[in-house]
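Peer 1: Before anything else, here's the structure in question.
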Amino acid sequence: MRHRLALGMALVTVALLIGPAPSWAAGVLRIGQNASDVGSLDPHFATTTQDRSLVDMVFNGLVRYKPGDGSVFEPDLAQSIPTPQSTGGKQVWTFQLRKGVMCHPTDGVPSYELTSEDVVYSLQKSADKSRSAYAADYAGMAVEAPDASTVRITLDKALSPVLFLPKVANYSGGFILCKRAAEKLGANGLKTHPVGTGPFMFKAYVPQERVQLVASPAYFRGKPQLDGVDFRYMPDLSSRELALRGGQLDVANGVPDKAWVEKMKGVSGLKVDVFGVGEVAVLHFRTTASPLDKPDVRKAIAYALDRDEFLALVGRGIAENVYSPVPVRFLAGGLTKEEVAAKGLDYATDREKAKKLLAQAGFPNGFPLEMVTSEMTGYRILYESMQAQLAKVGITINLKVVDHSTMHSLIRKDANPMVIYIAWRPNADVYLTQFFHSDSIVVTGKKPNTNFAHYDKIDGLIEQARTETDAAKQVALWKEAQVKILEDMVAFPIQYQNQVYARSAAVDYGHDLVSVLALYPGITEKTRLVK
Amino acid sequence: MPKYIAQRLLLSVPVFLAVVTIVFLVVRVIPGDPATAALGDYASKEAVDALRERMGLNASLPVQYGRFLRDLVRGDLGMSMITGASIRDQIAHALPYTVELTAVSILIGCALGVPVGVYTAVRRNRLGDYVGRVLSLTGLSVPAFYFGILLILLLAIWLQWLPAVGGGASDDAVDRSRHLVLPALTLGLIMTASVARLARSAMLNVLAQDYVRTARAKGLRERAVRLRHALRSALVPIVSVTGIWAVSLIGDSVTVEVVFARPGLGKMMVGAILQRDYTALQSVMVVYTGFVVAINLATDLVYGWVDPRIRH
Amino acid sequence: MGRPADPALTSAPGGGRIGELGRLWRTFSRNRVAVLGLALVGLVAAASVGAPILTSRSPYEQRAQERLQVPGERHLLGQDTFGRDVLARILFAGRVSLLVGLGSVVLGGAIGCVMGLVAGYAGGYAENAIMRVVDVLMAFPSLLLGLTVLAVLGPGLGKMILAIGLVLAPAFARVMHGAALALQRREFVEAARSAGATTPRILGIHILPNVLGEIVVLASLWTASAIRVEANLSFIGLGVSPPTPTWGNMIRDGTPHLLNAPWLSVFPGLAILVTVLAFNLLGDGLRDVFDPRLRE
């Protein structure tokens with residue numbers, strides 16, 4: 001008898017466990033992101049995709065990139081986008097703040113109306129390198145508040161709107177914090193407790209599991225249609241995929257892999273979005289160390305590499321070949337395939353020519369190179385494909401796989417003779433400055449950044465373009481700079497990779513998806529779940 | 001008995017201290033700069049240096065060791081170098097997932113392993129024995145993470161009975177239990193294999209001994225003989241080795257947590273290794289050490305209970 | 001008192017004298033389990049060593065246009081994310097696994113046996129010191145220990161062997177210690193000692209051969225463990241560098257494609273299973289051969 005009872009209980013337990021999954025509160029959007037944990041939710045330190053997407057939902061900028069289309073600016077906290085005035089050689093931008101923008105309430109700091117004081121506090125924080133990762137972008141800029149609803153920004157050197165507006169937009173250093181909450185929480189508190197003015201406000205953070213946001217009823221564009229957002233950290237692709245298929249997620253970060261996209265498109269009830277902005281993968285040569293200090297060796301490598309082979313690993317449409325470091329598809333100042341081909345700088349694959357160039361340079365049998373790659377798939381496939389491709393011309397790459405942040409730290413110490421770097425930057429100036437201006441040279445530069453090539457031949461062009469206020473002339477200068485890069489072959493542009501997200505068909509983002517700087521689909525007050 | 005327990009407890013202390021010291025040293029020698037890892041792509045050199053100072057990485061090794069022990073005694077495990085979150089909170093969050101996983105797995109292992117072992121011993125060299133032995137050797141040979149992947153393929157992807165990955169919602173008991181089934185089965189069945197194998201050989205040893213024959217000669221029913229006498233004696237080696245398997249199961253739980261993306265200690269540890277989060281890594285190892293010492297202690301106690309001779 | 005080791009592993013040493021090789025082989029060849037184990041080990045070894053003969057495909061050649069092809073006539077076990085032949089990679093990966101398995105057991109066995117014998121024979125202070133270190137190391141799950149050591153050493157084949165060897169050493173030491181303790185009280189050792197034999201001579205001539213059978217059994221079983229630990233470490237991502245294939249890293253690289261290309265993970269896993277099983281069977285069979293108590 002006792003046995004039967006036990007057996008019965010066991011069966012009930014099994015039935016309970018195997019039954020359908022419990023349903024969730026309606027109206028909460030559940031997103032699975034490819035990350036294991038929060039990096040920092042202080043918007044001025046949010047550099048990773050998972051952090052950027054969260055702060056995008058919680059904070060605003062003075063202006064914003066139009067949801068779903070990063071090529072258009074709209075007013076955000078400001079009532080309109082001003083035209084700059086120039087006074088005494090300086091450029092002045094005056095913003096009128098929107099009325100009735102409410103800060104999210106937090107422990108000890110009730111909700112209050114955002115004023116110019118908060119904006120000044122935030123932009124000054126952005127410019128302070130101990131409190132911001134983007135301080136360099138805010139040098140030569142003074143911010144003041146003539147009255148509670150006016151913010152005046154004075155630039156030492158005039159900038160074109162293309163270069164200025166990103167500094168005050170809802171991205172990176174442009175995010176506006178609520179001063180009282182930020183000061184109450186302190187630098188450490190902000191890392192895991194963001195307080196802003198956006199459509200969603202912070203509710204809870206469970207390490208390595210989730211961040212929960214709830215709709216802000218007082219949001220100035222109206223109460224969000226969603227009740228909240230449940231942002232889950234799920235670094236494992238199969239777990240995100242299974243959870244999405246099983247209805248435990250509404251949105252999942254996918255992979256830039258056509259095989260995956262095609263498969264998911266075939267699942268009923270699911271949709272896949274492939275959208276910009278495309279992060280650009282560029283191979284940088286360290287031009288100061290043998291054997292890559294010889295231009296012929298670098299050109300040989302460029303001829304030995306086949307963009308289509310890299311592309312096949314990701315899939316056309318998900319990624320596309322690029323021919324200049326600035327992606328012409330998304331930004332002013334890039335070069336098209338036709339433009340580079342006309343100058344003979346497309347470096348179309350020619351392994352015979354590569355071998356000939358190597359022989360000329362004194363390496364008929366190739367040479368070995370030591371380098372590290374991140375364990376992240378996006379990097380690993382490119383490095384491993386390059387390893388196999390260069391083996392065909394006798395160049396042996398001994399590859400060590402390290403953790404992603406370790407790779408970042410090592411390549412900044414010149415560990416790699418060749419660096420593949422995948423990045424999105426908001427405009428051509430940032431791309432060229434960070435990767436090719438001599439100030440940005442790793443280890444030895446004045447402000448070491450990501451100039452892995454140790455290249456110093458286009459400083460003049462970059463600086464000239466930066467202060468050129470005529471858009472057409474500015475673009476021409478940027479193109480000229482990149483032609484020089486390709487002529488000297490200090491960097492070989494490989495491809496850009498789009499963002500891939502899958503969602504349940506019930507999810508309506510509330511906007512079309514063309515390109516989003518925060519590298520996620522963009523969740524706004526208009527996003528909803530259609531039941 | 002209390003004296004025996006006290007003695008065992010006391011003996012655990014130096015072992016714990018020794019392992020913790022090894023952990024401290026090992027973690028200090030790991031290459032890679034945690035300050036750079038913590039600040040990410042954009043950090044300036046000054047910011048990295050400042051963080052190194054703040055994290056106490058610039059102090060000498062003995063000073064760091066002294067602080068480490070002091071904090072340990074206070075139960076202060078420090079802040080994560082990556083998120084700045086309290087590691088004690090993180091561990092407090094992760095620990096239940098690992099505890100419930102290992103506890104349920106050990107339970108499955110013992111509950112299935114001992115009967116299977118006794119059965120195969122009694123049916124020695126018959127079909128049941130061969131099948132049982134092949135299965136248990138297979139279980140002993142399969143890496144836990146691979147077995148987990150196979151179970152995911154079978155039960156989560158093809159049959160879609162159970163959720164494949166994740167820990168389940170922390171506030172929903174049913175959801176959590178559903179997420180526990182597959183990983184616990186993975187480790188539990190592997191442990192079943194080991195325990196069954198051991199129980200079989202222990203039973204065979206005992207069954208070959210004289211007093212069992214004597215008992216049988218006295219006319220007791222065979223079944224009763226086996227269960228009462230043989231099992232009682234066989235339990236001694238079974239308990240001691242079950243302890244060893246339980247400890248090795250903790251090792252396997254690391255990869256199983258990775259496969260099932262369970263937010264437990266193992267996942268935290270692998271994350272800490274990959275992120276070069278010194279403080280988190282050393283704290284997780286300390287907790288694991290405590291875990292292992294506790295299991296050894298429990299084994300010793302049960303051992304003392306099943307074999308009264310030990311106590312004296 | 002420390003916990004006794006698994007009686008299934010450390011049953012009293014039998015009479016494994018060198019001169020009895022013939023008898024041992026006869027016993028061995030009658031033991032079906034042992035023969036099956038040996039045959040499987042031979043098969044795995046032949047497949048990895050003879051990989052270039054068994055397949056015409058390179059484990060490194062990438063064909064990006066054909067990535068993730070299902071198993072078929074041209075590629076028996078399909079193609080991976082780079083379009084490489086999975087079968088060729090599995091065959092070549094066997095070399096790494098066997099090398100790590102055998103290498104780390106030889107290394108760990110050598111270190112451990114010396115530690116254990118010295119401790120057991122010397123006794124006193126040295127014994128205490130050595131065995132306490134062993135206790136501390138044994139208190140730790142081998143995987144956690146391997147993970148920590150490898151995290152310190154960094155990736156690489158040699159480092160992997162070193163890490164796993166260090167992890168295995170204490171286990172060898174503990175068993176050797178026990179065996180040496182038991183043996184040195186036996187008459188023939190005492191006789192040798194009273195006849196004036198030196199310590200190394202007693203260790204080398206009298207004690208070591210007597211525990212040789214047990215060492216062989218342990219070596220076989222722990223080769224199985226070492227291969228499994230290697231697979232675990234590679235799976236976590238701490239193994240050898242690309243493009244060298246190992247079964248563990250093949251499974252790891254296959255997991256993102258578990259839903260659309262399960263063969264990427266399933267086949268290398270089977271290879272691990274068969275190999276580990278082979279060494280376990282062999283070890284099991286050998287124990288039956290060496291241990292008279294368990295013989296029929």
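Residue numbers start at 1 in each chain; chains themselves are named A, B, ... in the order of the structure tokens; ligands are numbered from 1 in the order shown.
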Taking 3 positions as the minimum chain separation for residues in the same chain, which residues sit within 8 Å of region 172-175 of chain C when counting only C-alpha atoms? Answer as a PyMOL selection string.

Peer 2: chain C and resi 5+10+108-109+111-117+131+134+168-169+178-179+218

Peer 1: Next, dump the selected residues to file, keeping only C-alpha atoms, as a compact mmCIF listing (two decimals), in the first residue's frame.

Peer 2:
# COMPACT_ATOMS: atom_id res chain seq x y z
CA ALA C 5 39.98 4.33 -1.29
CA THR C 10 42.52 -1.01 -4.29
CA GLY C 108 51.03 11.77 -12.86
CA GLY C 109 51.81 8.10 -12.25
CA ILE C 111 55.14 11.69 -9.66
CA GLY C 112 52.45 10.00 -7.61
CA CYS C 113 54.18 6.62 -7.31
CA VAL C 114 57.40 8.18 -6.15
CA MET C 115 55.51 10.30 -3.62
CA GLY C 116 53.48 7.35 -2.36
CA LEU C 117 56.34 4.88 -2.18
CA MET C 131 50.23 12.51 2.71
CA VAL C 134 47.86 14.49 -0.94
CA LEU C 168 46.17 12.57 -11.08
CA ALA C 169 49.39 12.41 -9.04
CA GLY C 178 48.68 2.17 1.08
CA ALA C 179 50.18 -0.63 -0.96
CA LEU C 218 45.10 2.08 -12.19

Peer 1: Could you name the residues that touch region 401-405 of chain A at 6 Å or less, counting only C-alpha atoms, but leaving out those on the same chain fewer than 6 positions away, as a PyMOL selection string?

Peer 2: (chain A and resi 372-375) or (chain B and resi 37+274)

Peer 1: May I have the selected residues written with C-alpha atoms, as a PDB file, in the first residue's frame?

Peer 2:
ATOM      1  CA  VAL A 372      45.426  35.877 -30.135  1.00  0.00           C
ATOM      2  CA  THR A 373      41.736  35.844 -30.921  1.00  0.00           C
ATOM      3  CA  SER A 374      38.720  36.344 -28.733  1.00  0.00           C
ATOM      4  CA  GLU A 375      36.692  33.250 -27.962  1.00  0.00           C
TER       5      GLU A 375
ATOM      6  CA  ALA B  37      39.066  43.356 -17.794  1.00  0.00           C
ATOM      7  CA  LEU B 274      36.968  33.813 -18.441  1.00  0.00           C
TER       8      LEU B 274
END

Peer 1: I need the contact residues of chain C against chain A, so if you could list those with any atom within 7 Å, counting only C-alpha atoms, and return them as a VMD selection string, that would help.

Peer 2: chain C and resid 62 64 to 65 82 241 to 242 256 258

Peer 1: Take the residues from that selection and put them in a file with N, CA and C atoms, as an mmCIF file, in the first residue's frame.

Peer 2:
data_model
loop_
_atom_site.group_PDB
_atom_site.id
_atom_site.type_symbol
_atom_site.label_atom_id
_atom_site.label_comp_id
_atom_site.auth_asym_id
_atom_site.auth_seq_id
_atom_site.Cartn_x
_atom_site.Cartn_y
_atom_site.Cartn_z
ATOM 1 N N GLN C 62 39.294 24.159 -45.171
ATOM 2 C CA GLN C 62 37.995 24.803 -45.029
ATOM 3 C C GLN C 62 37.309 24.946 -46.386
ATOM 4 N N ALA C 64 34.162 27.019 -46.976
ATOM 5 C CA ALA C 64 33.116 27.836 -46.367
ATOM 6 C C ALA C 64 31.779 27.719 -47.095
ATOM 7 N N GLN C 65 31.838 27.507 -48.417
ATOM 8 C CA GLN C 65 30.587 27.441 -49.181
ATOM 9 C C GLN C 65 29.775 26.191 -48.826
ATOM 10 N N PHE C 82 33.091 25.533 -40.619
ATOM 11 C CA PHE C 82 34.009 26.052 -41.623
ATOM 12 C C PHE C 82 33.982 25.183 -42.886
ATOM 13 N N SER C 241 44.936 25.006 -28.959
ATOM 14 C CA SER C 241 44.522 26.125 -29.800
ATOM 15 C C SER C 241 44.023 25.665 -31.170
ATOM 16 N N PRO C 242 43.152 26.438 -31.786
ATOM 17 C CA PRO C 242 42.694 26.122 -33.126
ATOM 18 C C PRO C 242 43.838 26.288 -34.137
ATOM 19 N N PRO C 256 26.404 25.513 -30.496
ATOM 20 C CA PRO C 256 25.489 26.532 -31.023
ATOM 21 C C PRO C 256 24.611 25.994 -32.160
ATOM 22 N N LEU C 258 23.306 22.903 -32.198
ATOM 23 C CA LEU C 258 22.709 21.663 -31.709
ATOM 24 C C LEU C 258 21.357 21.396 -32.375
#

Peer 1: Could you list the residues in chain B lying within 6 Å of chain C, using only C-alpha atoms, and format the result as a PyMOL selection string?

Peer 2: chain B and resi 15+30+141-143+241+247-248+251

Peer 1: Given the selection you just returned, output its residues as a file containing C-alpha atoms, formatted as a compact mmCIF listing (two decimals), in the first residue's frame.

Peer 2:
# COMPACT_ATOMS: atom_id res chain seq x y z
CA VAL B 15 42.14 21.01 5.26
CA ILE B 30 46.59 33.75 -13.22
CA SER B 141 32.74 6.56 -19.21
CA VAL B 142 30.48 9.26 -20.55
CA PRO B 143 31.52 12.85 -19.86
CA VAL B 241 33.05 5.60 -1.89
CA VAL B 247 32.84 15.00 -4.53
CA SER B 248 33.63 14.18 -8.14
CA GLY B 251 33.38 18.75 -10.40

Peer 1: Give me, as a ChimeraX atom specification, the contact residues of chain A against chain B at a cut-off of 9 Å, counting only C-alpha atoms.

Peer 2: /A:16-22,36-40,45,47-48,129-130,133-134,188-189,191-192,206-209,234-236,238-240,242-243,246,402-406,408-410,447-449

Peer 1: Point out the residue among C:Leu40, C:Ala119, C:Ala171, C:Ala226 with the least atom-to-atom distance to Ile244 (chain B), counting only C-alpha atoms.

Peer 2: C:Ala171

Peer 1: What separation in Å, quoted to one decimal, exists between CA of Gln248 (chain A) and CA of Gly254 (chain C)?

Peer 2: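 Here the two named atoms are 23.7 Å from each other.
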
Peer 1: Determine which residues of region 231-420 of chain A receive a DSSP assignment of alpha helix (DSSP H), computed from the backbone, and state them as an NGL selection string.

Peer 2: :A and (237-245 or 258-265 or 295-304 or 307-314 or 337-342 or 351-360 or 377-391 or 404-411)

Peer 1: Keeping C-alpha atoms for every residue in the selection just given, could you write it to a file as a short mmCIF file (atom, residue, chain, number, x, y, z; two decimals), in the first residue's frame?

Peer 2:
data_model
loop_
_atom_site.label_atom_id
_atom_site.label_comp_id
_atom_site.auth_asym_id
_atom_site.auth_seq_id
_atom_site.Cartn_x
_atom_site.Cartn_y
_atom_site.Cartn_z
CA LEU A 237 22.43 30.51 -28.33
CA SER A 238 20.56 27.22 -28.12
CA SER A 239 19.01 28.27 -24.84
CA ARG A 240 17.73 31.50 -26.35
CA GLU A 241 16.47 29.67 -29.38
CA LEU A 242 14.71 26.95 -27.41
CA ALA A 243 13.20 29.48 -25.03
CA LEU A 244 11.88 31.52 -27.97
CA ARG A 245 10.44 28.45 -29.64
CA LYS A 258 22.56 32.69 -42.55
CA ALA A 259 22.01 29.01 -41.72
CA TRP A 260 20.48 30.08 -38.43
CA VAL A 261 18.38 32.86 -39.94
CA GLU A 262 16.94 30.59 -42.62
CA LYS A 263 16.13 27.91 -40.08
CA MET A 264 14.37 30.33 -37.75
CA LYS A 265 12.40 31.88 -40.60
CA PRO A 295 54.22 47.30 -47.84
CA ASP A 296 54.64 44.41 -50.29
CA VAL A 297 54.08 41.86 -47.51
CA ARG A 298 50.90 43.63 -46.43
CA LYS A 299 49.67 43.82 -50.01
CA ALA A 300 50.50 40.14 -50.46
CA ILE A 301 48.28 39.31 -47.50
CA ALA A 302 45.52 41.50 -48.91
CA TYR A 303 45.72 39.65 -52.22
CA ALA A 304 45.81 36.28 -50.45
CA ARG A 307 36.34 38.47 -48.88
CA ASP A 308 33.83 36.01 -50.31
CA GLU A 309 35.23 33.22 -48.20
CA PHE A 310 34.78 35.28 -45.03
CA LEU A 311 31.34 36.21 -46.29
CA ALA A 312 30.33 32.57 -46.87
CA LEU A 313 30.89 31.88 -43.18
CA VAL A 314 28.26 34.44 -42.25
CA LYS A 337 33.43 48.82 -54.40
CA GLU A 338 33.34 50.70 -57.73
CA GLU A 339 35.23 53.66 -56.28
CA VAL A 340 38.07 51.52 -54.95
CA ALA A 341 38.15 49.24 -58.01
CA ALA A 342 38.55 52.27 -60.27
CA ARG A 351 47.11 34.15 -54.55
CA GLU A 352 49.72 33.87 -57.31
CA LYS A 353 50.30 37.57 -57.10
CA ALA A 354 50.46 37.27 -53.33
CA LYS A 355 53.20 34.65 -53.55
CA LYS A 356 55.11 36.75 -56.05
CA LEU A 357 54.93 39.78 -53.74
CA LEU A 358 56.09 37.68 -50.80
CA ALA A 359 59.03 36.35 -52.82
CA GLN A 360 59.95 39.89 -53.84
CA THR A 377 32.33 33.39 -32.41
CA GLY A 378 32.26 36.59 -34.47
CA TYR A 379 36.01 37.04 -34.01
CA ARG A 380 37.00 33.40 -33.99
CA ILE A 381 35.51 32.53 -37.35
CA LEU A 382 37.33 35.44 -39.00
CA TYR A 383 40.68 34.62 -37.41
CA GLU A 384 40.36 30.91 -38.13
CA SER A 385 39.30 31.53 -41.71
CA MET A 386 42.23 33.91 -42.16
CA GLN A 387 44.51 31.26 -40.67
CA ALA A 388 43.37 28.73 -43.26
CA GLN A 389 43.49 31.22 -46.16
CA LEU A 390 46.97 32.51 -45.40
CA ALA A 391 48.27 28.95 -44.99
CA HIS A 404 37.07 38.52 -25.05
CA SER A 405 38.21 41.17 -22.61
CA THR A 406 41.67 39.62 -22.45
CA MET A 407 41.94 39.92 -26.21
CA HIS A 408 40.98 43.58 -25.98
CA SER A 409 43.64 44.18 -23.39
CA LEU A 410 46.32 42.20 -25.27
CA ILE A 411 45.83 43.81 -28.67
#

Peer 1: Extract, using only C-alpha atoms, all DNA, RNA and protein residues at most 7 Å from Val217 (chain C), discarding same-chain residues fewer than 3 positions from it, and format them as a PyMOL selection string.

Peer 2: chain C and resi 213-214+220-221+283+286-287

Peer 1: Might you pull out every residue within 9 Å of Phe59 (chain A), with only C-alpha atoms counted and same-chain residues fewer than 6 positions away left off, and present them as a ChimeraX atom specification?

Peer 2: /A:43,170,175-177,194-201

Peer 1: Find the residues around Thr186 (chain B) up to 7 Å (only C-alpha atoms counted), leave out those fewer than 6 positions away in its own chain, and share them as a ChimeraX atom specification.

Peer 2: /B:144,147-148

Peer 1: Go ahead and write the selection's residues with C-alpha atoms as an mmCIF file, in the first residue's frame.

Peer 2:
data_model
loop_
_atom_site.group_PDB
_atom_site.id
_atom_site.type_symbol
_atom_site.label_atom_id
_atom_site.label_comp_id
_atom_site.auth_asym_id
_atom_site.auth_seq_id
_atom_site.Cartn_x
_atom_site.Cartn_y
_atom_site.Cartn_z
ATOM 1 C CA ALA B 144 28.714 14.560 -17.956
ATOM 2 C CA PHE B 147 25.381 13.134 -21.531
ATOM 3 C CA GLY B 148 23.639 16.401 -20.757
#

Peer 1: Separation of CA of Pro245 (chain C) and CA of Leu265 (chain B), in Å?

Peer 2: 28.9 Å
